[in-house]
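Engineer: Have a look at this one before I ask anything.
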Amino acid sequence: MMRTLLIANRGEIVARIARTARRLGIIPVGVYSDPDRDSPAPAHLDAAVHLPGATAADTYLDGPALIDAARRLGADAIHPGFGFLAESAAFASSVLDAGLIWVGPSPRSISAMGDKLEATRCAADAGVPVLPSIRLDDAFDLTRVNTEIGFPALVKAAAGGGGKGMRRVECVEELEAAIAAAGGEALRNFGDGTLYLERLVSPARHVEVQVFGDRHGHVIHLFERECSIQRRHQKIIEEAPAPGLDGALRDSLLSAAVSLAESLDYENAGTVEFVVGGGGFAFIEMNTRLQVEHPVTEEITGLDLVEWQLRVARGEPLPATQDQVRHRGHAIEARLYAEDPATGWAPGAGRMVRYRRGPGLARYEESLRSGTVISPYYDPMIAKVISHRATRSDAAAVLASELEAMHLHGPVTNRDFLVATLRHSAFLEGSTTTDFIENHPGLLDAGPDDATRTIHLAAALWARILSNRDGDRHWGLAPAHWRNVAAERPFIIIDGRRVEYVVQEDRLVMAIDGAQDLEATIRDGGVTVVEIDGVSTPCVVHLEGENLWVNSPRGQSLFVEQPRFEAHDPTFVAGGPMSPIPGTVTAVLVSVGDEVDEHSDLVMIEAMKMEHRIRARGPAVVVEVLVAPGDQVDAGTLLVRLEEKE
């Protein structure tokens with residue numbers, strides 16, 4: 001029996017697992033850290049234990065604390081979700097040793113697949129094609145690297161996952177630096193710096209197969225997923241089934257995945273990942289857990305994968321045989337991240353002032369609401385949006401529209417990138433390889449076009465004029481017969497640009513930086529309708545301090561009203577660089593007395609599982625170093641004092 005289930009995780013996966021648990025009559029309970037105290041996730045649980053601390057190491061990676069929480073709450077089972085301890089054989093063993101049900105594969109399977117070198121050996125023994133690889137220990141032979149692997153190649157963490165501990169190398173000269181960087185990242189994220197070098201197939205596709213097994217010897221597949229749209233080796237858009245895959249190749253992939261799972265006597269959910277290119281495929285790794293992207297498989301099969309996990313963990317056989325599993329239509333999932341594609345995917349943190357879903361044409365998996373604080377301590381994914389339609393093109397169109405209509409007033413997100421990608425001709429043609437983003441760099445600066453920004457600016461300006469006139473920060477109905485036609489036009493500074501304006505009843509005339517006047521007719525009535533050149537666009541405006549948010553069917557814009565003095569670089573003060581984000585200092589790369597030039601690396605900061613380089617902006621001398629590795633810093637913390645050189 002399974003009466004009470006502890007979900008040892010945070011965020012949207014807590015709500016997802018709790019939903020299925022309740023439907024099966026199982027009581028969901030959980031845990032939460034200091035930053036997650038006011039997050040939506042605990043509200044989905046019957047009870048939750050507070051884990052003091054903020055970092056993952058102090059909370060969601062503390063196995064004994066999680067087992068103690070299960071005991072305190074009377075749980076008889078633990079579901080690890082994904083990430084954190086989901087693929088820890090030691091934690092799985094501890095759960096079983098405590099007399100609890102472990103919702104996942106056996107510790108033996110987790111251990112075998114957790115070491116990527118051992119996993120490759122197991123795959124080869126099962127007859128699955130593998131890529132050439134060698135362990136990067138102190139005795140590795142450069143001759144073997146050149147003859148057996150070649151370049152380009154990937155340095156990978158043996159205990160890795162989620163794109164961590166990976167570096168691409170183009171030639172032997174890049175190997176030393178890549179080993180140092182990947183090894184340090186692997187040690188921080190997995191506690192194991194063991195690395196190996198693997199041949200890189202490029203261009204290639206990333207295709208994975210969902211498998212399921214039970215303790216009665218049954219193993220089946222639930223078809224494949226395409227996961228080639230990636231940044232920093234982490235997935236952003238996933239879909240099922242994989243588009244344009246040759247029938248014979250698909251059958252071979254599915255068969256190979258099942259063969260590997262059968263060789264492991266595999267139980268519960270697992271995903272076998274492959275690189276596909278040149279008419280063939282090869283094994284990458286096996287994830288011994290539920291995947292972030294499992295909803296696309298659920299959508300096309302109509303199955304509840306969490307329900308399957310819970311039933312298998314209770315000792316039941318798989319709910320269906322291979323012949324009974326069918327797929328229908330096409331599903332695409334977009335991961336919504338609090339990060340900025342235009343600045344190297346720098347993570348964002350802070351309060352989501354206003355959050356509103358799109359029109360409801362898609363499935364949402366989220367742990368987000370207006371007022372939610374996005375923490376710098378964890379992965380920056382804040383929601384997943386999934387569209388399922390009869391065809392791939394329809395699924396992409398609906399998902400793009402759904403994302404575009406969302407209100408996301410807070411930290412920067414990758415929403416505009418996702419929308420532009422889903423509408424890009426190369427994506428719609430199915431030309432999705434792992435270098436998709438590198439091949440289409442224009443997507444990184446995606447957003448509303450100039451015409452849309454002008455419409456949004458008119459709506460924002462109108463709302464600001466009314467709020468200032470009414471003496472508060474909220475826009476309302478336009479006052480009748482209000483005129484403001486002064487000899488010298490009033491103006492405000494928005495995004496560093498001078499915007500002059502004149503209001504005559506429902507007509508707004510504005511000029512940006514002295515350019516030609518632009519006229520707009522504004523109609524209010526709960527929604528601000530902007531009419532320019534006979535074309536009307538409904539807009540919703542939200543004012544929050546100096547921030548002016550505008551949403552319309554064409555997307556979202558943020559305008560920042562500024563005081564009337566010269567703007568400055570917000571990441572620099574007179575003394576030197578400040579941290580642009582809250583995070584942990586991982587390395588200090590300079591010492592007092594060092595001379596630095598423009599773009600010299602000064603400090604490395606890790607936030608939301610990503611490392612960010614803080615660089616000098618010109619020639620200078622280091623006067624004082626104010627931080628050390630391991631320090632926690634807030635956004636705006638001065639890191640290094642510099643004396644600029646003439």
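Chain labels run A, B, ... following the order of the structure tokens; each chain numbers its residues from 1, and ligands are numbered from 1 in the order shown.
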What lies within 12 Å of His233 in chain A using only C-alpha atoms, ignoring chain neighbours under 4 positions off, as a PyMOL selection string?
Structural biologist: chain A and resi 154-156+160-168+206+227-229+433-437+610
Engineer: Could you list, with a cut-off of 12 Å and counting only C-alpha atoms, the residues of range 69-117 of chain A near range 37-53 of chain A, each shown with its nearest atom pair and the distance in Å rounded to one decimal, rows sorted by chain and ascending number, as a tab-separated table?
Structural biologist:
```
residue	atom	partner	partner_atom	distance
A:Ala69	CA	A:Val49	CA	6.1
A:Ala70	CA	A:Val49	CA	8.8
A:Arg71	CA	A:Val49	CA	10.6
A:Arg72	CA	A:Val49	CA	8.2
A:Leu73	CA	A:Ala47	CA	7.4
A:Gly74	CA	A:Ala47	CA	10.3
A:Ala75	CA	A:Ala47	CA	10.6
```
Engineer: Those residues you just picked out, can you put them in a file as a PDB file, in the first residue's frame with C-alpha atoms?
Structural biologist:
```pdb
ATOM      1  CA  ALA A  69      10.672  14.717   6.977  1.00  0.00           C
ATOM      2  CA  ALA A  70       8.979  11.615   5.559  1.00  0.00           C
ATOM      3  CA  ARG A  71       8.955  10.026   9.017  1.00  0.00           C
ATOM      4  CA  ARG A  72       7.604  13.172  10.677  1.00  0.00           C
ATOM      5  CA  LEU A  73       4.753  13.383   8.166  1.00  0.00           C
ATOM      6  CA  GLY A  74       3.911   9.691   8.280  1.00  0.00           C
ATOM      7  CA  ALA A  75       4.862   9.117   4.645  1.00  0.00           C
TER       8      ALA A  75
END
```
Engineer: Which residues, written as a PDB file with C-alpha atoms, in the first residue's frame, have at least one atom at most 8 Å from Val103 in chain A, with only C-alpha atoms counted and residues fewer than 6 positions away on the same chain left out?
Structural biologist:
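So the final result, stored in out05.pdb, reads:
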```pdb
ATOM      1  CA  ALA A  77       6.879   6.522   0.062  1.00  0.00           C
ATOM      2  CA  ILE A  78       9.186   9.130  -1.475  1.00  0.00           C
ATOM      3  CA  HIS A  79       9.011  10.488  -5.026  1.00  0.00           C
ATOM      4  CA  PRO A  80      12.192  12.407  -5.922  1.00  0.00           C
ATOM      5  CA  ASN A 268       9.816   2.425 -13.387  1.00  0.00           C
ATOM      6  CA  GLN A 309       5.342   5.449 -11.665  1.00  0.00           C
ATOM      7  CA  LEU A 310       3.233   5.144  -8.530  1.00  0.00           C
ATOM      8  CA  ALA A 313       6.394   1.406  -7.232  1.00  0.00           C
TER       9      ALA A 313
END
```
Engineer: Assign secondary structure with DSSP using the backbone only, and return the residues of range 580-618 of chain A in strand (DSSP E) as an mmCIF file with C-alpha atoms, in the first residue's frame.
Structural biologist:
```cif
data_model
loop_
_atom_site.group_PDB
_atom_site.id
_atom_site.type_symbol
_atom_site.label_atom_id
_atom_site.label_comp_id
_atom_site.auth_asym_id
_atom_site.auth_seq_id
_atom_site.Cartn_x
_atom_site.Cartn_y
_atom_site.Cartn_z
ATOM 1 C CA GLY A 583 24.561 34.377 -6.640
ATOM 2 C CA THR A 584 27.672 32.618 -5.334
ATOM 3 C CA VAL A 585 31.241 33.667 -6.097
ATOM 4 C CA THR A 586 32.970 30.620 -7.594
ATOM 5 C CA ALA A 587 36.307 32.167 -8.557
ATOM 6 C CA VAL A 588 38.285 35.385 -8.163
ATOM 7 C CA GLU A 595 46.653 45.260 -14.548
ATOM 8 C CA VAL A 596 43.551 44.424 -16.570
ATOM 9 C CA ASP A 601 37.846 38.310 -16.543
ATOM 10 C CA LEU A 602 37.676 39.457 -12.923
ATOM 11 C CA VAL A 603 35.206 37.286 -11.002
ATOM 12 C CA MET A 604 33.036 34.234 -11.717
ATOM 13 C CA ILE A 605 29.548 34.113 -10.195
ATOM 14 C CA GLU A 606 27.199 31.134 -10.267
ATOM 15 C CA ALA A 607 23.446 31.678 -10.172
ATOM 16 C CA MET A 610 24.926 28.900 -14.552
ATOM 17 C CA GLU A 611 28.317 30.577 -14.304
ATOM 18 C CA HIS A 612 28.761 34.224 -15.289
ATOM 19 C CA ARG A 613 31.975 36.089 -16.003
ATOM 20 C CA ILE A 614 32.329 39.601 -14.617
ATOM 21 C CA ARG A 615 34.706 41.522 -16.851
#
```
Engineer: Provide the CA of Leu422 in chain A to CA of Arg356 in chain A distance in Å, to one decimal place.
Structural biologist: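 Separating CA of Leu422 in chain A from CA of Arg356 in chain A is a distance of 20.6 Å.
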Engineer: Report, in Å with one decimal, the straight-line distance from CA of Met352 in chain A to CA of Val373 in chain A.
Structural biologist: 6.1 Å
Engineer: Return the single residue from A:Thr297, A:Thr528, A:Ser133, A:Gln230 that is closest to Arg205 in chain A, with distances computed using only C-alpha atoms.
Structural biologist: A:Gln230
Engineer: Can you check which residues of range 35-149 of chain A DSSP gives as helix (DSSP H, G or I) on the backbone and send them as an MDAnalysis selection string?
Structural biologist: chainID A and resid 41:44 63:72 89:97 107:114 116:125 142:149
Engineer: With N, CA and C atoms retained, could you export that selection as a compact mmCIF listing (two decimals), in the first residue's frame?
Structural biologist:
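To be explicit, this is the file written out as part_13.txt:
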```txt
# COMPACT_ATOMS: atom_id res chain seq x y z
N ALA A 41 4.14 26.05 -4.43
CA ALA A 41 4.24 24.59 -4.35
C ALA A 41 3.69 24.01 -3.05
N PRO A 42 4.08 24.52 -1.86
CA PRO A 42 3.56 23.92 -0.63
C PRO A 42 2.03 23.92 -0.52
N ALA A 43 1.38 24.85 -1.21
CA ALA A 43 -0.08 24.93 -1.15
C ALA A 43 -0.74 23.72 -1.81
N HIS A 44 0.00 22.98 -2.63
CA HIS A 44 -0.54 21.80 -3.29
C HIS A 44 -0.44 20.55 -2.40
N GLY A 63 19.78 14.33 2.00
CA GLY A 63 19.04 13.07 2.05
C GLY A 63 18.50 12.72 3.42
N PRO A 64 19.34 12.74 4.48
CA PRO A 64 18.82 12.42 5.81
C PRO A 64 17.68 13.33 6.25
N ALA A 65 17.76 14.62 5.90
CA ALA A 65 16.68 15.55 6.28
C ALA A 65 15.38 15.20 5.55
N LEU A 66 15.49 14.75 4.31
CA LEU A 66 14.29 14.38 3.55
C LEU A 66 13.65 13.12 4.13
N ILE A 67 14.47 12.15 4.49
CA ILE A 67 13.92 10.92 5.09
C ILE A 67 13.31 11.22 6.45
N ASP A 68 13.96 12.11 7.22
CA ASP A 68 13.39 12.51 8.51
C ASP A 68 12.04 13.21 8.31
N ALA A 69 11.94 14.05 7.27
CA ALA A 69 10.67 14.72 6.98
C ALA A 69 9.59 13.70 6.64
N ALA A 70 9.95 12.66 5.89
CA ALA A 70 8.98 11.61 5.56
C ALA A 70 8.46 10.94 6.83
N ARG A 71 9.36 10.67 7.75
CA ARG A 71 8.96 10.03 9.02
C ARG A 71 8.04 10.95 9.81
N ARG A 72 8.40 12.22 9.90
CA ARG A 72 7.60 13.17 10.68
C ARG A 72 6.19 13.31 10.12
N ALA A 89 21.86 7.00 -6.42
CA ALA A 89 21.70 5.61 -5.98
C ALA A 89 21.80 5.51 -4.46
N ALA A 90 22.67 6.34 -3.87
CA ALA A 90 22.84 6.32 -2.42
C ALA A 90 21.55 6.75 -1.72
N PHE A 91 20.90 7.78 -2.23
CA PHE A 91 19.65 8.23 -1.62
C PHE A 91 18.56 7.18 -1.80
N ALA A 92 18.46 6.60 -2.99
CA ALA A 92 17.46 5.55 -3.22
C ALA A 92 17.65 4.40 -2.24
N SER A 93 18.91 4.01 -2.02
CA SER A 93 19.20 2.93 -1.07
C SER A 93 18.80 3.32 0.35
N SER A 94 19.07 4.58 0.71
CA SER A 94 18.72 5.05 2.05
C SER A 94 17.21 5.04 2.27
N VAL A 95 16.47 5.40 1.24
CA VAL A 95 15.01 5.39 1.33
C VAL A 95 14.51 3.96 1.56
N LEU A 96 15.04 3.03 0.79
CA LEU A 96 14.63 1.62 0.93
C LEU A 96 15.06 1.06 2.28
N ASP A 97 16.27 1.42 2.73
CA ASP A 97 16.76 0.94 4.03
C ASP A 97 15.92 1.48 5.18
N PRO A 107 18.36 1.05 -7.08
CA PRO A 107 19.67 1.68 -6.91
C PRO A 107 20.72 1.10 -7.84
N ARG A 108 20.62 -0.19 -8.15
CA ARG A 108 21.59 -0.81 -9.06
C ARG A 108 21.51 -0.19 -10.45
N SER A 109 20.30 0.00 -10.96
CA SER A 109 20.14 0.62 -12.28
C SER A 109 20.60 2.08 -12.26
N ILE A 110 20.24 2.80 -11.20
CA ILE A 110 20.66 4.20 -11.09
C ILE A 110 22.18 4.30 -11.09
N SER A 111 22.83 3.43 -10.33
CA SER A 111 24.28 3.44 -10.25
C SER A 111 24.93 3.12 -11.59
N ALA A 112 24.41 2.11 -12.27
CA ALA A 112 24.99 1.71 -13.56
C ALA A 112 24.87 2.82 -14.59
N MET A 113 23.74 3.51 -14.62
CA MET A 113 23.54 4.56 -15.61
C MET A 113 24.07 5.92 -15.14
N GLY A 114 24.31 6.05 -13.83
CA GLY A 114 24.81 7.31 -13.30
C GLY A 114 26.24 7.60 -13.69
N LYS A 116 28.57 7.67 -16.53
CA LYS A 116 28.34 7.66 -17.98
C LYS A 116 29.27 6.70 -18.71
N LEU A 117 30.46 6.48 -18.18
CA LEU A 117 31.36 5.51 -18.81
C LEU A 117 30.83 4.09 -18.63
N GLU A 118 30.35 3.78 -17.43
CA GLU A 118 29.75 2.47 -17.19
C GLU A 118 28.48 2.30 -18.01
N ALA A 119 27.71 3.40 -18.14
CA ALA A 119 26.49 3.34 -18.94
C ALA A 119 26.80 3.04 -20.39
N THR A 120 27.86 3.63 -20.91
CA THR A 120 28.25 3.36 -22.30
C THR A 120 28.64 1.90 -22.48
N ARG A 121 29.35 1.35 -21.49
CA ARG A 121 29.73 -0.07 -21.57
C ARG A 121 28.49 -0.96 -21.55
N CYS A 122 27.54 -0.63 -20.66
CA CYS A 122 26.30 -1.42 -20.60
C CYS A 122 25.53 -1.35 -21.91
N ALA A 123 25.48 -0.16 -22.51
CA ALA A 123 24.77 0.00 -23.77
C ALA A 123 25.43 -0.83 -24.86
N ALA A 124 26.75 -0.80 -24.92
CA ALA A 124 27.46 -1.58 -25.94
C ALA A 124 27.21 -3.07 -25.74
N ASP A 125 27.21 -3.52 -24.48
CA ASP A 125 26.96 -4.94 -24.19
C ASP A 125 25.54 -5.34 -24.60
N LEU A 142 47.23 11.51 -25.26
CA LEU A 142 46.81 12.40 -26.33
C LEU A 142 46.79 11.71 -27.69
N THR A 143 47.65 10.70 -27.84
CA THR A 143 47.66 9.96 -29.10
C THR A 143 46.32 9.27 -29.31
N ARG A 144 45.79 8.69 -28.23
CA ARG A 144 44.48 8.03 -28.32
C ARG A 144 43.38 9.05 -28.63
N VAL A 145 43.52 10.25 -28.06
CA VAL A 145 42.53 11.29 -28.32
C VAL A 145 42.45 11.57 -29.81
N ASN A 146 43.60 11.71 -30.44
CA ASN A 146 43.62 12.04 -31.87
C ASN A 146 43.19 10.87 -32.75
N THR A 147 43.57 9.67 -32.38
CA THR A 147 43.28 8.52 -33.25
C THR A 147 41.90 7.92 -33.02
N GLU A 148 41.44 7.90 -31.76
CA GLU A 148 40.18 7.23 -31.44
C GLU A 148 38.98 8.19 -31.36
N ILE A 149 39.24 9.42 -30.94
CA ILE A 149 38.14 10.37 -30.74
C ILE A 149 38.11 11.40 -31.86
```
Engineer: Considering only C-alpha atoms, return as a compact mmCIF listing (two decimals) with C-alpha atoms, in the first residue's frame whatever protein or nucleic-acid residues lie within 9 Å of range 408-417 of chain A, sequence-local ones (same chain, fewer than 2 positions apart) excluded.
Structural biologist:
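Dumped everything to around.txt:
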```txt
# COMPACT_ATOMS: atom_id res chain seq x y z
CA ALA A 334 8.31 25.13 -24.25
CA ARG A 335 10.30 25.68 -21.08
CA LEU A 336 9.81 29.18 -19.74
CA TYR A 337 13.01 30.33 -18.05
CA ALA A 338 13.78 33.47 -16.06
CA GLU A 339 16.80 34.28 -18.19
CA ASP A 340 17.90 36.67 -20.93
CA PRO A 341 18.92 35.05 -24.24
CA TRP A 345 21.25 33.44 -21.03
CA PRO A 347 19.45 34.24 -15.21
CA GLY A 348 17.00 36.64 -13.67
CA ALA A 349 15.71 36.75 -10.13
CA GLY A 350 13.20 38.81 -8.22
CA ARG A 351 9.46 39.25 -7.89
CA MET A 352 7.02 38.34 -10.66
CA VAL A 353 4.87 41.41 -10.13
CA ARG A 354 2.08 40.21 -12.42
CA TYR A 355 1.55 36.76 -13.91
CA ARG A 356 -1.31 35.76 -16.14
CA ARG A 357 -1.69 32.75 -18.39
CA SER A 370 1.57 37.15 -9.23
CA ILE A 374 12.04 33.80 -8.31
CA LEU A 403 3.12 32.20 -24.91
CA GLU A 404 2.78 35.57 -26.62
CA MET A 406 1.01 35.63 -21.27
CA VAL A 419 7.76 32.52 -29.72
CA ALA A 420 10.21 33.47 -32.47
CA THR A 421 11.63 29.93 -32.60
CA LEU A 422 8.20 28.31 -32.86
CA LEU A 443 16.44 34.65 -32.33
CA LEU A 444 18.38 35.80 -29.27
CA ASP A 445 17.14 39.38 -29.70
CA ALA A 446 13.57 38.43 -30.52
CA GLY A 447 10.75 40.63 -29.34
CA PRO A 448 7.97 42.90 -30.58
CA HIS A 542 0.24 47.84 -15.86
CA TRP A 549 4.27 47.06 -18.84
CA GLY A 555 3.24 40.58 -27.42
CA GLN A 556 4.62 42.36 -24.37
CA LEU A 558 8.46 46.93 -20.89
```
Engineer: Report, in Å with one decimal, the straight-line distance from CA of His216 in chain A to CA of Gln324 in chain A.
Structural biologist: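 The value is 17.7 Å.
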Engineer: When you look at Ala269 in chain A with a cut-off of 9 Å (counting only C-alpha atoms), what residues show up, excluding the ones that are within fewer than 5 positions of it in the same chain? I need them as a list of chain:residue names.
Structural biologist: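 Near Ala269 in chain A, the qualifying residues are A:Gly104, A:Pro105, A:Gln210, A:Val211, A:Phe212, A:Gly213, A:Asn287, A:Thr288, A:Arg289, A:Leu290, A:Gln291, A:Leu305, A:Val306, A:Trp308, A:Gln309.
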Engineer: Using N, CA and C atoms, can you export the residues from the last selection as a compact mmCIF listing (two decimals), in the first residue's frame?
Structural biologist:
```
# COMPACT_ATOMS: atom_id res chain seq x y z
N GLY A 104 10.90 4.98 -8.14
CA GLY A 104 11.95 5.11 -9.13
C GLY A 104 12.60 3.77 -9.39
N PRO A 105 13.60 3.74 -10.27
CA PRO A 105 14.28 2.48 -10.57
C PRO A 105 15.14 2.02 -9.40
N GLN A 210 11.23 7.24 -24.30
CA GLN A 210 10.65 6.99 -22.98
C GLN A 210 10.43 5.49 -22.81
N VAL A 211 11.03 4.92 -21.76
CA VAL A 211 10.82 3.50 -21.47
C VAL A 211 10.19 3.36 -20.09
N PHE A 212 9.55 2.22 -19.88
CA PHE A 212 8.95 1.89 -18.58
C PHE A 212 9.12 0.40 -18.35
N GLY A 213 9.47 0.06 -17.12
CA GLY A 213 9.56 -1.34 -16.75
C GLY A 213 8.90 -1.59 -15.41
N ASN A 287 18.64 8.53 -18.50
CA ASN A 287 18.19 9.24 -17.31
C ASN A 287 17.23 8.34 -16.54
N THR A 288 17.60 8.04 -15.31
CA THR A 288 16.84 7.07 -14.51
C THR A 288 15.82 7.79 -13.62
N ARG A 289 14.94 8.53 -14.26
CA ARG A 289 13.95 9.33 -13.53
C ARG A 289 12.89 9.79 -14.51
N LEU A 290 11.90 10.48 -13.99
CA LEU A 290 10.92 11.17 -14.81
C LEU A 290 11.58 12.40 -15.42
N GLN A 291 11.35 12.64 -16.70
CA GLN A 291 11.97 13.77 -17.37
C GLN A 291 11.11 15.04 -17.25
N LEU A 305 2.00 9.49 -16.81
CA LEU A 305 3.26 8.81 -16.49
C LEU A 305 3.53 8.78 -15.00
N VAL A 306 3.07 9.79 -14.26
CA VAL A 306 3.24 9.76 -12.81
C VAL A 306 2.39 8.65 -12.20
N TRP A 308 1.67 5.85 -13.67
CA TRP A 308 2.42 4.62 -13.96
C TRP A 308 3.55 4.44 -12.95
N GLN A 309 4.25 5.54 -12.64
CA GLN A 309 5.34 5.45 -11.67
C GLN A 309 4.84 4.95 -10.31
```
Engineer: Neighbouring residues of Asp513 in chain A were defined as those with any atom within 7 Å, considering only C-alpha atoms; residues of the same chain fewer than 4 positions away were excluded. Please report them as a PyMOL selection string.
Structural biologist: chain A and resi 497-499
Engineer: Could the residues in this selection be saved with N, CA and C atoms as an mmCIF file, in the first residue's frame?
Structural biologist:
```cif
data_model
loop_
_atom_site.group_PDB
_atom_site.id
_atom_site.type_symbol
_atom_site.label_atom_id
_atom_site.label_comp_id
_atom_site.auth_asym_id
_atom_site.auth_seq_id
_atom_site.Cartn_x
_atom_site.Cartn_y
_atom_site.Cartn_z
ATOM 1 N N ARG A 497 15.121 57.773 -23.803
ATOM 2 C CA ARG A 497 14.710 58.587 -24.944
ATOM 3 C C ARG A 497 13.701 59.645 -24.490
ATOM 4 N N ARG A 498 13.842 60.834 -25.038
ATOM 5 C CA ARG A 498 12.934 61.935 -24.698
ATOM 6 C C ARG A 498 11.657 61.784 -25.523
ATOM 7 N N VAL A 499 10.523 61.667 -24.846
ATOM 8 C CA VAL A 499 9.233 61.505 -25.514
ATOM 9 C C VAL A 499 8.374 62.723 -25.182
#
```
Engineer: Which residue out of A:Glu429, A:Arg16, A:Ala342, A:Leu543 has the minimum interatomic distance to Leu466 in chain A when only C-alpha atoms are used?
Structural biologist: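 Closest candidate: A:Leu543.
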